[in-house]
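This report refers to the structure that appears directly beneath it.
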Amino acid sequence: MTDNQGPAHKKDLTRRRVILAGGAVMAAAGIGAGVVATASAGEEKSGSKKAGQGEECYRLTSETTEGPYYIDADRIRKDITEDREGIPLTLRLKVIDSDTCTPLKRAAVDIWHCDALGIYSGYESMSQGGPGGGTPPSGAPTDAPTGTPTGTPPSGGPGGGGGGHSEPTDDERYLRGTQLTDQHGYVEFTTVFPGWYQGRAVHIHTKVHVGGTMTDAGYEGGHTCHTGQFFFAESAVLDSAEEEPYSTSTTTRTTLTEDTIYDRSGVTGGLLKLSYRKGRMARGVIGSITMGVDPDETHDGTDL
């Protein structure tokens with residue numbers, strides 16, 4: 001699918017900006033002394049402030065592939081944990097118009113990700129998570145790559161570089177959910193810290209939909225203006241690997257720098273700001289980010 005044609009002024013990507021997630025969000029966590037706050041590597045520091053705005057603005061958030069395991073927004077809820085074990089994760093997201101830096105109200109935000117052992121709900125028989133790692137799907141790397149990735153992302157693999165959409169194989173829907181942003185563009189999810197599976201760094205998928213309506217069956221109509229992924233600093237992933245059930249996994253882990261989807265642009269590329277208490281990560285982690293999207297465009301992630 002190709003992007004919709006928007007107004008001419010919307011086509012100058014040099015004007016795309018994203019508001020850097022404010023420190024106030026992190027301060028609100030109230031975790032106390034000894035907090036680990038991961039740095040957002042690769043952040044731009046050359047943004048400019050728009051008239052009437054008190055926050056510094058950055059460019060459009062990176063678009064990424066949808067991956068094969070997306071299920072339409074049919075679970076409207078804040079807490080998507082269900083019965084999954086893992087480190088509690090509070091995910092605080094803000095959505096803004098990348099051209100004006102104004103919040104997008106009543107935008108539908110989807111998130112979905114694997115559990116602590118790499119299993120996706122709806123696709124349990126196809127997922128390659130678990131202590132042994134399972135058999136990687138066609139197209140996924142069989143060994144962790146080394147050096148800087150080159151070329152195009154691999155095809156296939158859960159949440160990986162394309163491979164086309166796969167129909168669900170079961171009725172499970174844990175670690176999936178949708179919510180509408182408030183008048184300030186915010187939405188918050190309660191979930192667990194994702195695990196890993198062979199060929200991909202730890203990540204969370206997301207979509208932003210606009211122009212539709214909320215119904216009993218979920219969010220319907222409108223269009224998808226952003227498809228992306230959130231990523232986690234390597235130091236935080238290493239800390240999570242010390243906790244159960246993550247510590248039981250023997251799956252080969254791909255690092256953030258080895259991942260073929262993350263574009264190494266820091267916040268712009270989906271790198272979350274994380275906060276948790278050192279040595280007590282099991283008590284919970286707070287992740288936050290601001291997504292800059294163009295509501296006039298269509299990015300469903302299936303053309304990447």
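Residues in the structure tokens are numbered from 1 in each chain, the chains being A, B, ... in the order shown, and ligands are numbered from 1 in the order shown.
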
Nearby residues (only C-alpha atoms) at most 10 Å from Tyr69 in chain A, same-chain spacing under 2 positions excluded, as a list in words: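 In the requested form, the answer reads Glu66, Gly67, Ile71, Trp112, His113, Cys114, Tyr120, Ser121, Gly122, Tyr123, Met126, Ser127, Gly157, Pro158, Gly159, Gly160, Gly164, His165, Ser166, Glu167, Pro168 and His205 of chain A.
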
Export, as an mmCIF file, in the first residue's frame, the selected residues with C-alpha atoms.
data_model
loop_
_atom_site.group_PDB
_atom_site.id
_atom_site.type_symbol
_atom_site.label_atom_id
_atom_site.label_comp_id
_atom_site.auth_asym_id
_atom_site.auth_seq_id
_atom_site.Cartn_x
_atom_site.Cartn_y
_atom_site.Cartn_z
ATOM 1 C CA GLU A 66 3.842 -4.387 10.936
ATOM 2 C CA GLY A 67 5.182 -7.926 11.202
ATOM 3 C CA ILE A 71 -4.604 -8.578 15.150
ATOM 4 C CA TRP A 112 1.201 -5.868 21.042
ATOM 5 C CA HIS A 113 4.259 -7.859 22.006
ATOM 6 C CA CYS A 114 5.524 -11.282 23.031
ATOM 7 C CA TYR A 120 2.798 -14.126 20.928
ATOM 8 C CA SER A 121 -0.857 -14.568 21.821
ATOM 9 C CA GLY A 122 -2.988 -15.635 18.885
ATOM 10 C CA TYR A 123 0.064 -17.361 17.407
ATOM 11 C CA MET A 126 3.964 -20.310 15.462
ATOM 12 C CA SER A 127 5.986 -18.410 18.048
ATOM 13 C CA GLY A 157 9.926 -14.224 11.891
ATOM 14 C CA PRO A 158 7.575 -13.002 14.597
ATOM 15 C CA GLY A 159 7.418 -9.226 14.517
ATOM 16 C CA GLY A 160 10.355 -9.202 12.152
ATOM 17 C CA GLY A 164 3.238 -10.872 5.276
ATOM 18 C CA HIS A 165 0.365 -11.132 7.707
ATOM 19 C CA SER A 166 -0.401 -14.520 9.249
ATOM 20 C CA GLU A 167 -3.878 -15.527 10.364
ATOM 21 C CA PRO A 168 -4.213 -16.250 14.110
ATOM 22 C CA HIS A 205 4.769 -3.135 18.228
#

Which of these, A:Leu89, A:Cys225, A:Leu272, A:Ala116, has the shortest distance to Thr251 in chain A once you count only C-alpha atoms?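 Looking at the shortest contact to Thr251 in chain A, the residue is A:Ala116.
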
As an exercise, work out the distance from CA of Met291 in chain A to CA of Val95 in chain A in Å and give it to one decimal place. 4.9 Å

Just the number, please: distance in Å from CA of Gly279 in chain A to CA of Thr190 in chain A, one decimal. 21.3 Å

Please compute the CA of Gly301 in chain A-CA of Thr224 in chain A distance, one decimal, in Å. 9.0 Å

Going by DSSP on the backbone, which bits of range 213-301 of chain A are strand (DSSP E)? Write them as a PyMOL selection string, please. chain A and resi 213-215+218-231+273-277+285-293

Determine, counting only C-alpha atoms, which protein, DNA and RNA residues have an atom within 12 Å of an atom of Ala241 in chain A; residues of the same chain fewer than 2 positions away are not included. Present the result as an MDAnalysis selection string. chainID A and resid 86:87 116:117 193:196 202 234:239 243:251 253 281:282

Near Gly185 in chain A, within 7 Å and counting only C-alpha atoms, which residues show up once chain neighbours fewer than 6 positions away are dropped, as a list in words? Lys94, Val95, Ile96, Pro103, Leu104 and Lys105 of chain A

Go ahead and save the picked residues with N, CA, C and O atoms, as a PDB file, in the first residue's frame.
ATOM      1  N   LYS A  94       2.677   9.337  24.328  1.00  0.00           N
ATOM      2  CA  LYS A  94       2.043  10.575  23.897  1.00  0.00           C
ATOM      3  C   LYS A  94       2.091  10.616  22.385  1.00  0.00           C
ATOM      4  O   LYS A  94       3.103  10.273  21.781  1.00  0.00           O
ATOM      5  N   VAL A  95       0.986  11.041  21.761  1.00  0.00           N
ATOM      6  CA  VAL A  95       0.908  11.120  20.304  1.00  0.00           C
ATOM      7  C   VAL A  95       0.663  12.566  19.904  1.00  0.00           C
ATOM      8  O   VAL A  95      -0.261  13.210  20.416  1.00  0.00           O
ATOM      9  N   ILE A  96       1.499  13.076  18.990  1.00  0.00           N
ATOM     10  CA  ILE A  96       1.369  14.453  18.525  1.00  0.00           C
ATOM     11  C   ILE A  96       1.379  14.506  17.002  1.00  0.00           C
ATOM     12  O   ILE A  96       1.859  13.595  16.337  1.00  0.00           O
ATOM     13  N   PRO A 103      -1.094  17.896  20.402  1.00  0.00           N
ATOM     14  CA  PRO A 103      -1.525  16.539  20.749  1.00  0.00           C
ATOM     15  C   PRO A 103      -2.637  16.047  19.822  1.00  0.00           C
ATOM     16  O   PRO A 103      -3.478  16.832  19.378  1.00  0.00           O
ATOM     17  N   LEU A 104      -2.632  14.752  19.539  1.00  0.00           N
ATOM     18  CA  LEU A 104      -3.718  14.122  18.791  1.00  0.00           C
ATOM     19  C   LEU A 104      -4.706  13.522  19.786  1.00  0.00           C
ATOM     20  O   LEU A 104      -4.369  12.582  20.499  1.00  0.00           O
ATOM     21  N   LYS A 105      -5.901  14.074  19.823  1.00  0.00           N
ATOM     22  CA  LYS A 105      -6.941  13.594  20.736  1.00  0.00           C
ATOM     23  C   LYS A 105      -7.749  12.482  20.084  1.00  0.00           C
ATOM     24  O   LYS A 105      -7.992  12.495  18.884  1.00  0.00           O
TER      25      LYS A 105
END

In range 152-259 of chain A, what's helix (DSSP H, G or I) per DSSP? Answer as a list of chain:residue names? A:Glu234, A:Ser235, A:Ala236, A:Val237, A:Leu238, A:Asp239, A:Ser240, A:Tyr246, A:Ser247, A:Thr248, A:Leu256, A:Thr257, A:Glu258

Please produce an output containing N, CA, C and O atoms for each residue in the selection, written as a compact mmCIF listing (two decimals), in the first residue's frame.
# COMPACT_ATOMS: atom_id res chain seq x y z
N GLU A 234 19.97 -1.75 25.95
CA GLU A 234 20.61 -3.03 26.22
C GLU A 234 20.81 -3.25 27.72
O GLU A 234 20.66 -4.37 28.22
N SER A 235 21.16 -2.21 28.44
CA SER A 235 21.41 -2.35 29.87
C SER A 235 20.16 -2.82 30.61
O SER A 235 20.22 -3.65 31.53
N ALA A 236 18.99 -2.34 30.19
CA ALA A 236 17.74 -2.75 30.82
C ALA A 236 17.40 -4.20 30.48
O ALA A 236 16.90 -4.95 31.32
N VAL A 237 17.67 -4.60 29.24
CA VAL A 237 17.40 -5.98 28.84
C VAL A 237 18.29 -6.94 29.64
O VAL A 237 17.84 -8.00 30.09
N LEU A 238 19.54 -6.57 29.84
CA LEU A 238 20.45 -7.39 30.63
C LEU A 238 19.97 -7.50 32.07
O LEU A 238 20.06 -8.57 32.69
N ASP A 239 19.45 -6.40 32.61
CA ASP A 239 18.90 -6.44 33.97
C ASP A 239 17.68 -7.36 34.04
O ASP A 239 17.49 -8.11 35.01
N SER A 240 16.84 -7.31 33.00
CA SER A 240 15.64 -8.16 33.00
C SER A 240 16.02 -9.64 32.94
O SER A 240 15.34 -10.49 33.51
N TYR A 246 12.47 -14.64 32.72
CA TYR A 246 13.42 -14.32 31.65
C TYR A 246 14.71 -15.13 31.77
O TYR A 246 15.29 -15.55 30.76
N SER A 247 15.15 -15.34 33.00
CA SER A 247 16.41 -16.03 33.24
C SER A 247 16.37 -17.50 32.84
O SER A 247 17.41 -18.15 32.72
N THR A 248 15.17 -18.04 32.61
CA THR A 248 15.06 -19.44 32.21
C THR A 248 15.20 -19.64 30.71
O THR A 248 15.31 -20.77 30.23
N LEU A 256 20.39 -4.81 20.67
CA LEU A 256 19.79 -3.65 19.99
C LEU A 256 20.62 -3.24 18.78
O LEU A 256 20.07 -2.91 17.72
N THR A 257 21.93 -3.25 18.91
CA THR A 257 22.79 -2.83 17.79
C THR A 257 22.81 -3.86 16.66
O THR A 257 23.17 -3.53 15.53
N GLU A 258 22.42 -5.09 16.95
CA GLU A 258 22.37 -6.13 15.93
C GLU A 258 21.02 -6.21 15.24
O GLU A 258 20.90 -6.85 14.19
